[in-house]
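To be precise, the following lines are entry.cif, and they hold mmCIF, C-alpha atoms.
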```cif
data_model
loop_
_atom_site.label_atom_id
_atom_site.label_comp_id
_atom_site.auth_asym_id
_atom_site.auth_seq_id
_atom_site.Cartn_x
_atom_site.Cartn_y
_atom_site.Cartn_z
CA MET X 1 2.97 46.14 10.86
CA ALA X 2 5.25 43.11 10.77
CA GLY X 3 3.91 42.03 14.17
CA PHE X 4 0.32 42.59 12.99
CA GLY X 5 0.95 40.43 9.89
CA TRP X 6 2.43 37.68 12.03
CA ARG X 7 -0.59 37.71 14.36
CA VAL X 8 -3.04 37.55 11.45
CA GLY X 9 -1.09 34.68 9.89
CA ALA X 10 -1.03 32.77 13.16
CA LYS X 11 -4.78 33.33 13.62
CA VAL X 12 -5.48 32.03 10.09
CA GLN X 13 -3.36 28.95 10.82
CA ARG X 14 -5.24 28.29 14.06
CA LEU X 15 -8.57 28.77 12.27
CA GLY X 16 -7.47 26.34 9.56
CA ARG X 17 -6.47 23.72 12.13
CA SER X 18 -9.75 24.24 13.98
CA CYS X 19 -11.80 23.75 10.79
CA LEU X 20 -9.75 20.65 9.97
CA ARG X 21 -10.48 19.18 13.42
CA ARG X 22 -14.22 19.91 13.09
CA PHE X 23 -14.34 18.31 9.64
CA SER X 24 -12.40 15.30 10.87
CA SER X 25 -14.64 14.84 13.90
CA ALA X 26 -17.86 15.07 11.88
CA ALA X 27 -16.60 12.85 9.06
CA THR X 28 -15.24 10.10 11.32
CA SER X 29 -18.78 9.26 12.46
CA HIS X 30 -19.64 8.47 8.82
CA LEU X 31 -17.09 5.66 8.37
CA GLU X 32 -19.09 2.86 9.96
CA ASN X 33 -20.07 0.99 6.78
CA VAL X 34 -16.98 -0.08 4.84
CA GLY X 35 -16.87 -1.72 1.43
CA PHE X 36 -13.66 -3.66 0.84
CA ILE X 37 -12.68 -4.74 -2.68
CA GLY X 38 -9.71 -7.06 -3.20
CA LEU X 39 -9.29 -10.03 -0.84
CA GLY X 40 -5.82 -11.25 -1.78
CA ASN X 41 -2.93 -11.96 0.59
CA MET X 42 -2.97 -8.39 1.87
CA GLY X 43 -6.60 -7.33 1.49
CA SER X 44 -8.08 -10.34 3.27
CA HIS X 45 -6.12 -9.55 6.45
CA MET X 46 -6.87 -5.83 6.22
CA ALA X 47 -10.60 -6.52 5.90
CA ARG X 48 -10.47 -8.93 8.85
CA ASN X 49 -8.81 -6.31 11.03
CA LEU X 50 -11.55 -3.80 10.18
CA ILE X 51 -14.17 -6.36 11.17
CA MET X 52 -12.37 -7.02 14.47
CA ALA X 53 -12.26 -3.25 15.07
CA GLY X 54 -16.06 -3.14 14.89
CA TYR X 55 -16.67 -1.77 11.39
CA LYS X 56 -19.57 -3.14 9.31
CA VAL X 57 -17.72 -4.56 6.32
CA THR X 58 -19.05 -5.73 2.95
CA VAL X 59 -16.57 -7.41 0.58
CA HIS X 60 -16.02 -8.23 -3.08
CA ASP X 61 -13.39 -10.13 -5.05
CA ILE X 62 -13.40 -11.76 -8.47
CA ASN X 63 -12.16 -14.92 -6.72
CA GLU X 64 -15.25 -16.71 -5.41
CA SER X 65 -13.24 -18.88 -2.99
CA ALA X 66 -11.75 -15.75 -1.40
CA MET X 67 -15.27 -14.38 -0.86
CA LYS X 68 -16.52 -17.70 0.49
CA LYS X 69 -14.11 -17.48 3.42
CA PHE X 70 -15.90 -14.28 4.43
CA SER X 71 -19.46 -15.40 3.66
CA ASP X 72 -18.85 -18.55 5.75
CA ASP X 73 -18.21 -16.18 8.68
CA GLY X 74 -21.40 -14.23 8.05
CA ILE X 75 -19.72 -11.26 6.31
CA PRO X 76 -21.84 -9.82 3.45
CA THR X 77 -20.38 -10.38 -0.02
CA LYS X 78 -21.34 -8.72 -3.31
CA GLN X 79 -20.84 -9.72 -6.92
CA SER X 80 -19.56 -6.38 -8.27
CA PRO X 81 -17.89 -3.17 -7.09
CA ILE X 82 -21.01 -1.11 -7.78
CA GLU X 83 -23.07 -3.42 -5.53
CA VAL X 84 -20.57 -2.94 -2.71
CA SER X 85 -20.91 0.83 -2.97
CA GLU X 86 -24.68 0.71 -2.48
CA SER X 87 -24.33 -0.08 1.23
CA SER X 88 -21.07 1.71 2.05
CA ASP X 89 -19.98 5.04 3.52
CA VAL X 90 -16.40 4.40 2.47
CA ILE X 91 -14.79 2.11 -0.09
CA ILE X 92 -11.31 0.59 0.26
CA THR X 93 -9.65 -1.06 -2.73
CA MET X 94 -6.57 -3.30 -2.54
CA LEU X 95 -5.79 -4.55 -6.03
CA PRO X 96 -2.81 -6.08 -7.90
CA SER X 97 -2.15 -3.47 -10.60
CA SER X 98 -3.06 -0.16 -12.22
CA ALA X 99 -5.18 -2.00 -14.81
CA HIS X 100 -7.23 -3.66 -12.05
CA VAL X 101 -7.71 -0.32 -10.28
CA LEU X 102 -8.91 1.40 -13.45
CA ASP X 103 -11.33 -1.47 -14.12
CA VAL X 104 -12.77 -1.47 -10.58
CA TYR X 105 -13.33 2.29 -10.66
CA ASN X 106 -14.20 2.89 -14.34
CA GLY X 107 -15.05 -0.55 -15.74
CA PRO X 108 -18.52 -1.80 -16.80
CA ASN X 109 -19.50 -2.63 -13.21
CA GLY X 110 -17.09 -0.15 -11.69
CA LEU X 111 -17.58 2.17 -8.78
CA LEU X 112 -17.94 5.27 -10.97
CA ARG X 113 -19.51 3.83 -14.11
CA SER X 114 -22.93 5.22 -15.05
CA VAL X 115 -23.42 6.76 -11.64
CA ASP X 116 -23.98 10.51 -11.66
CA ARG X 117 -24.27 10.62 -7.89
CA LEU X 118 -22.22 8.42 -5.56
CA GLY X 119 -23.29 6.89 -2.25
CA PRO X 120 -19.90 6.57 -0.50
CA TRP X 121 -18.33 9.89 0.43
CA LEU X 122 -14.76 8.53 0.74
CA TYR X 123 -12.70 6.17 -1.41
CA ILE X 124 -9.31 4.80 -0.32
CA ASP X 125 -7.11 2.99 -2.82
CA SER X 126 -4.37 1.01 -1.07
CA SER X 127 -3.13 -0.67 -4.26
CA THR X 128 0.45 -0.12 -5.39
CA VAL X 129 0.07 1.81 -8.65
CA ASP X 130 1.82 4.61 -10.48
CA PRO X 131 1.07 8.19 -9.33
CA GLN X 132 -0.50 8.98 -12.70
CA THR X 133 -3.20 6.33 -12.17
CA SER X 134 -3.96 7.69 -8.68
CA ARG X 135 -4.25 11.22 -10.06
CA LYS X 136 -6.52 10.08 -12.90
CA ILE X 137 -8.94 8.35 -10.50
CA SER X 138 -8.82 11.40 -8.21
CA LYS X 139 -9.76 13.65 -11.14
CA ASP X 140 -12.56 11.28 -12.17
CA ILE X 141 -14.02 11.31 -8.65
CA SER X 142 -13.75 15.10 -8.42
CA ARG X 143 -16.26 15.31 -11.29
CA CYS X 144 -18.84 13.26 -9.37
CA HIS X 145 -21.43 14.35 -6.82
CA LEU X 146 -22.85 12.73 -3.72
CA LYS X 147 -26.33 11.21 -3.74
CA GLU X 148 -26.83 12.74 -0.34
CA LYS X 149 -24.80 15.74 0.78
CA LYS X 150 -23.12 15.40 4.14
CA GLY X 151 -22.65 18.33 6.49
CA PHE X 152 -18.89 17.82 6.24
CA ALA X 153 -18.53 16.87 2.55
CA GLU X 154 -20.13 18.42 -0.50
CA LYS X 155 -18.41 16.06 -2.95
CA PRO X 156 -16.87 12.57 -2.78
CA MET X 157 -13.15 12.35 -1.96
CA ILE X 158 -10.39 9.84 -2.59
CA LEU X 159 -7.09 9.02 -0.92
CA ASP X 160 -4.27 6.99 -2.45
CA ALA X 161 -2.97 5.06 0.55
CA PRO X 162 -0.61 2.22 -0.39
CA VAL X 163 1.01 0.23 2.38
CA SER X 164 4.35 -1.12 3.52
CA GLY X 165 5.04 -4.08 5.77
CA GLY X 166 3.94 -7.06 3.69
CA VAL X 167 1.64 -9.92 4.62
CA PRO X 168 2.93 -10.35 8.22
CA ALA X 169 2.18 -6.68 8.99
CA ALA X 170 -1.20 -6.89 7.25
CA GLU X 171 -2.13 -9.88 9.43
CA ALA X 172 -0.83 -8.25 12.63
CA GLY X 173 -2.43 -4.87 11.88
CA LYS X 174 0.98 -3.17 11.76
CA LEU X 175 1.03 -1.73 8.25
CA THR X 176 2.37 1.71 7.38
CA PHE X 177 0.06 3.78 5.15
CA MET X 178 1.52 6.41 2.81
CA VAL X 179 -1.37 8.76 2.06
CA GLY X 180 -2.00 11.26 -0.72
CA GLY X 181 -5.09 13.45 -1.18
CA LEU X 182 -6.91 16.19 0.70
CA GLU X 183 -5.58 16.58 4.24
CA GLU X 184 -9.06 16.79 5.74
CA ALA X 185 -9.92 13.42 4.17
CA TYR X 186 -6.70 11.97 5.57
CA GLN X 187 -7.49 13.22 9.07
CA ALA X 188 -11.02 11.80 8.89
CA ALA X 189 -9.78 8.43 7.60
CA LYS X 190 -6.98 8.08 10.15
CA PRO X 191 -8.95 5.97 12.69
CA LEU X 192 -9.91 3.61 9.86
CA LEU X 193 -6.32 3.32 8.64
CA LEU X 194 -5.00 2.77 12.15
CA SER X 195 -7.40 -0.14 12.58
CA MET X 196 -5.28 -1.87 9.91
CA GLY X 197 -1.87 -0.39 10.64
CA LYS X 198 0.42 1.23 13.17
CA ASN X 199 1.45 4.27 11.09
CA ALA X 200 -0.32 6.63 8.69
CA ILE X 201 1.87 9.28 7.08
CA TYR X 202 0.42 12.17 5.10
CA CYS X 203 2.45 12.73 1.91
CA GLY X 204 0.61 15.64 0.27
CA GLY X 205 -1.77 15.88 -2.67
CA ALA X 206 -3.31 13.23 -4.91
CA GLY X 207 -0.78 10.68 -6.17
CA ASN X 208 1.85 11.47 -3.54
CA GLY X 209 1.05 8.35 -1.52
CA SER X 210 1.64 6.24 -4.62
CA ALA X 211 4.83 8.17 -5.37
CA ALA X 212 6.10 7.50 -1.84
CA LYS X 213 5.32 3.79 -2.15
CA ILE X 214 7.23 3.22 -5.39
CA CYS X 215 10.20 5.17 -4.01
CA ASN X 216 10.09 3.03 -0.85
CA ASN X 217 9.97 -0.22 -2.82
CA MET X 218 12.77 0.86 -5.14
CA ALA X 219 14.95 1.57 -2.09
CA MET X 220 13.91 -1.79 -0.59
CA ALA X 221 14.90 -3.68 -3.75
CA ILE X 222 18.26 -1.92 -4.02
CA SER X 223 18.90 -2.56 -0.32
CA MET X 224 18.11 -6.29 -0.66
CA LEU X 225 20.43 -6.55 -3.65
CA GLY X 226 23.26 -4.80 -1.79
CA VAL X 227 22.89 -6.96 1.33
CA SER X 228 22.62 -10.18 -0.70
CA GLU X 229 25.65 -9.26 -2.78
CA ALA X 230 27.66 -8.53 0.37
CA PHE X 231 26.62 -11.81 2.04
CA ALA X 232 27.52 -13.80 -1.10
CA LEU X 233 30.88 -12.04 -1.38
CA GLY X 234 31.54 -12.71 2.30
CA GLN X 235 30.85 -16.41 1.84
CA ASN X 236 33.29 -16.51 -1.07
CA LEU X 237 35.87 -14.79 1.13
CA GLY X 238 35.34 -17.34 3.92
CA ILE X 239 33.06 -15.35 6.28
CA LYS X 240 29.82 -16.91 7.55
CA ALA X 241 26.64 -14.99 6.78
CA SER X 242 25.62 -15.15 10.44
CA THR X 243 28.88 -13.44 11.40
CA LEU X 244 28.35 -10.72 8.80
CA THR X 245 24.75 -10.32 9.99
CA ASN X 246 25.97 -9.66 13.53
CA ILE X 247 28.45 -7.12 12.19
CA PHE X 248 25.95 -5.38 9.88
CA ASN X 249 23.31 -5.16 12.61
CA CYS X 250 25.54 -3.28 15.05
CA SER X 251 27.34 -1.10 12.52
CA SER X 252 26.77 1.19 9.54
CA ALA X 253 25.41 -1.48 7.16
CA ARG X 254 22.39 -2.14 9.36
CA CYS X 255 19.09 -2.14 7.45
CA TRP X 256 15.73 -3.92 7.23
CA SER X 257 17.14 -6.46 4.76
CA SER X 258 19.73 -7.59 7.31
CA ASP X 259 18.04 -7.24 10.70
CA THR X 260 14.40 -8.06 9.89
CA TYR X 261 14.18 -9.85 6.53
CA ASN X 262 17.54 -11.59 6.19
CA PRO X 263 17.86 -13.34 2.80
CA VAL X 264 20.27 -16.12 3.86
CA PRO X 265 18.59 -19.46 4.68
CA GLY X 266 19.53 -20.62 8.17
CA VAL X 267 20.31 -17.19 9.63
CA MET X 268 16.88 -15.98 10.76
CA GLU X 269 13.66 -17.80 11.69
CA GLY X 270 10.23 -16.75 10.46
CA VAL X 271 11.34 -15.06 7.22
CA PRO X 272 10.81 -16.40 3.67
CA ALA X 273 14.47 -17.49 3.47
CA SER X 274 13.73 -19.95 6.29
CA ARG X 275 11.01 -21.68 4.23
CA ASN X 276 12.57 -21.92 0.78
CA TYR X 277 11.50 -18.35 -0.04
CA SER X 278 7.78 -19.16 0.02
CA GLY X 279 5.24 -16.54 1.11
CA GLY X 280 6.25 -12.92 1.53
CA PHE X 281 6.57 -10.45 -1.34
CA THR X 282 7.10 -12.17 -4.68
CA SER X 283 9.82 -11.35 -7.18
CA LYS X 284 7.06 -10.81 -9.74
CA LEU X 285 5.51 -8.06 -7.60
CA MET X 286 8.91 -6.48 -6.98
CA ALA X 287 9.57 -6.41 -10.73
CA LYS X 288 6.15 -4.81 -11.23
CA ASP X 289 6.83 -2.11 -8.63
CA LEU X 290 10.28 -1.38 -10.04
CA ASP X 291 8.73 -1.06 -13.49
CA LEU X 292 6.24 1.46 -12.07
CA ALA X 293 9.12 3.41 -10.52
CA MET X 294 11.15 3.44 -13.74
CA THR X 295 8.15 4.44 -15.84
CA SER X 296 7.36 7.27 -13.42
CA ALA X 297 11.01 8.37 -13.42
CA SER X 298 11.04 8.44 -17.22
CA GLY X 299 7.87 10.53 -17.19
CA VAL X 300 9.64 13.31 -15.29
CA GLY X 301 12.96 12.96 -17.10
CA PHE X 302 14.83 11.46 -14.12
CA THR X 303 17.44 8.71 -14.46
CA CYS X 304 17.66 5.91 -11.88
CA PRO X 305 20.74 3.80 -12.69
CA MET X 306 20.48 1.59 -9.61
CA GLY X 307 16.71 1.26 -9.92
CA SER X 308 17.09 0.27 -13.58
CA GLU X 309 19.69 -2.36 -12.70
CA ALA X 310 17.46 -3.71 -9.93
CA LEU X 311 14.58 -4.02 -12.41
CA GLU X 312 16.76 -6.01 -14.83
CA ILE X 313 17.86 -8.36 -12.05
CA TYR X 314 14.31 -9.04 -10.90
CA ARG X 315 13.12 -9.53 -14.47
CA LYS X 316 15.89 -12.10 -14.90
CA LEU X 317 14.81 -13.87 -11.70
CA CYS X 318 11.25 -14.06 -13.02
CA GLU X 319 12.43 -15.42 -16.36
CA ASP X 320 14.43 -18.07 -14.49
CA GLY X 321 11.33 -19.40 -12.75
CA CYS X 322 11.49 -17.49 -9.47
CA GLU X 323 8.57 -15.14 -10.05
CA LEU X 324 6.50 -16.61 -7.20
CA LYS X 325 9.39 -16.85 -4.75
CA ASP X 326 9.95 -14.05 -2.25
CA PHE X 327 12.14 -11.26 -3.60
CA SER X 328 14.88 -12.11 -1.07
CA CYS X 329 15.55 -15.25 -3.15
CA VAL X 330 17.91 -13.04 -5.16
CA PHE X 331 20.61 -14.14 -2.67
CA ARG X 332 20.38 -17.79 -3.72
CA HIS X 333 19.11 -17.61 -7.28
CA TYR X 334 21.03 -14.62 -8.65
CA TYR X 335 24.14 -14.39 -6.47
CA ALA X 336 24.38 -18.20 -5.93
CA GLY X 337 24.70 -17.70 -2.18
CA ASN X 338 24.77 -20.72 0.12
CA ASP X 339 22.56 -21.72 3.02
CA GLU X 340 24.03 -21.19 6.49
CA LYS X 341 25.08 -24.55 7.96
#
```
Before we go any further, please render this structure as structure tokens.
Amino acid sequence: MAGFGWRVGAKVQRLGRSCLRRFSSAATSHLENVGFIGLGNMGSHMARNLIMAGYKVTVHDINESAMKKFSDDGIPTKQSPIEVSESSDVIITMLPSSAHVLDVYNGPNGLLRSVDRLGPWLYIDSSTVDPQTSRKISKDISRCHLKEKKGFAEKPMILDAPVSGGVPAAEAGKLTFMVGGLEEAYQAAKPLLLSMGKNAIYCGGAGNGSAAKICNNMAMAISMLGVSEAFALGQNLGIKASTLTNIFNCSSARCWSSDTYNPVPGVMEGVPASRNYSGGFTSKLMAKDLDLAMTSASGVGFTCPMGSEALEIYRKLCEDGCELKDFSCVFRHYYAGNDEK
């Protein structure tokens, strides 16, 4: 009987995988028309990569000059989210905050406002928001119906799919997507995601992509603080930051903040530290993401002492006028580290 149970279980698993593949294959052919909302530093590059991959893209942003750059190239632009949805199979949103996401989906001209039946069958939110916001939007969409039923989808679906890699990865098409939602929707959307990135990682149900992103960014902030603190201490002890970088990068302290995004001016070319901390990921955005992480932690009764300290440090940086500088500026403007000569 044990062997029989194992065989039945294995058969069910194979059947499930087979159904998933059939759904994915059928759904992928209905991703041709993409609506993209949010053409900031990240979204503009992501939309461009979709266009280069051959998708028919329609865009919207509240910033008219951002839309003009697309309309000048012959890309259709719309004046509201709901107008974008009228010609789209799938909608991608890339917005600055939870408030912006809620407005684009549920606002007066939002994607879900006053529409009993939706045209797009798939929505992908790549904004960095708290998991609760992602789960609220997912619940709102689950109450909606499709204008036209597809053979593979009876109701509209949504994925929360925030990204990691920053502006350089967005431009190069090398983002990492952290994806929450139904697995069949993730499998169907994978070709679309991989037109904008190099990795797409399934994280589980609705909100789990957003949860993964805020955990990732909290770890990134803490790592940058630790590396910056160590470099500044080393300088005070008479060790050059370039020497410490060589040591870190071939020993146990090696991390992204030392080998890819070094915060010490004069050590590494092509990073924000090499251009007075301009461009990159701002301290303001890091403070926002840390606040999301701490709020989410509080909501589940979890204490994050290092995350809380990181949030206070980045808030202080913002108060001191560094909010638009890259978050690696903590080396110079908090720890008073020196440029490499």
field: Given the PyMOL selection byres ((chain X and resi 212) around 12), the residues it picks as a PyMOL selection string
entry: chain X and resi 128-131+160-164+176-180+201-211+213-219+289+292-293+296
Pull out every residue that the PyMOL selection byres ((chain X and resi 245-261) around 7) matches in the shown coordinates and put them as a ChimeraX atom specification. /X:223-224,227,241-244,262-263,271
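One finds atom CA of Gly40 of chain X at 7.5 Å from atom CA of Ala66 of chain X.
The nearest approach to Asn276 of chain X among the residues X:Trp121, X:Asp320, X:Asp326, X:Lys240, with only C-alpha atoms taken into account, belongs to X:Asp326.
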With distances taken over all atoms listed in the file, the candidate from X:Glu83, X:Asp125, X:Gly307, X:Ile141 nearest Asn106 of chain X is X:Ile141
Original post:
Could you spell out the hits of the PyMOL selection byres ((chain X and resi 123) around 9) on the shown file, as a count of residues only?
Top reply: 16
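All residues that come within 9 Å of the coordinates (-0.5, -1.8, 7.1), counting all atoms listed in the file, are given as X:Met42, X:Met46, X:Pro162, X:Val163, X:Ser164, X:Gly165, X:Gly166, X:Val167, X:Ala169, X:Ala170, X:Glu171, X:Ala172, X:Gly173, X:Lys174, X:Leu175, X:Thr176, X:Phe177, X:Leu193, X:Leu194, X:Ser195, X:Met196, X:Gly197, X:Lys198, X:Asn199, X:Ala200.
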re atom CA of Cys322 of chain X and atom CA of Tyr277 of chain X: distance 9.5 Å
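Separating atom CA of Cys304 of chain X from atom CA of Gly181 of chain X is a distance of 26.2 Å.
Those residues that approach Leu111 of chain X to within 6 Å, counting only C-alpha atoms, are Pro81, Ile82 and Tyr105 of chain X; same-chain residues fewer than 3 positions away are not listed.
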Return as lines of an AutoDock Vina configuration file the centre and edge lengths, in Å with one decimal, of the box along x, y and z that encloses every atom of segment 96-107 of chain X in the file, padded by 4 Å per side.
```
center_x = -8.6
center_y = -1.6
center_z = -11.8
size_x = 20.9
size_y = 17.0
size_z = 15.8
```
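The environment of His60 of chain X within 6 Å, counting only C-alpha atoms and disregarding residues fewer than 2 places along the same chain, consists of Ile37, Thr77 and Lys78 of chain X.
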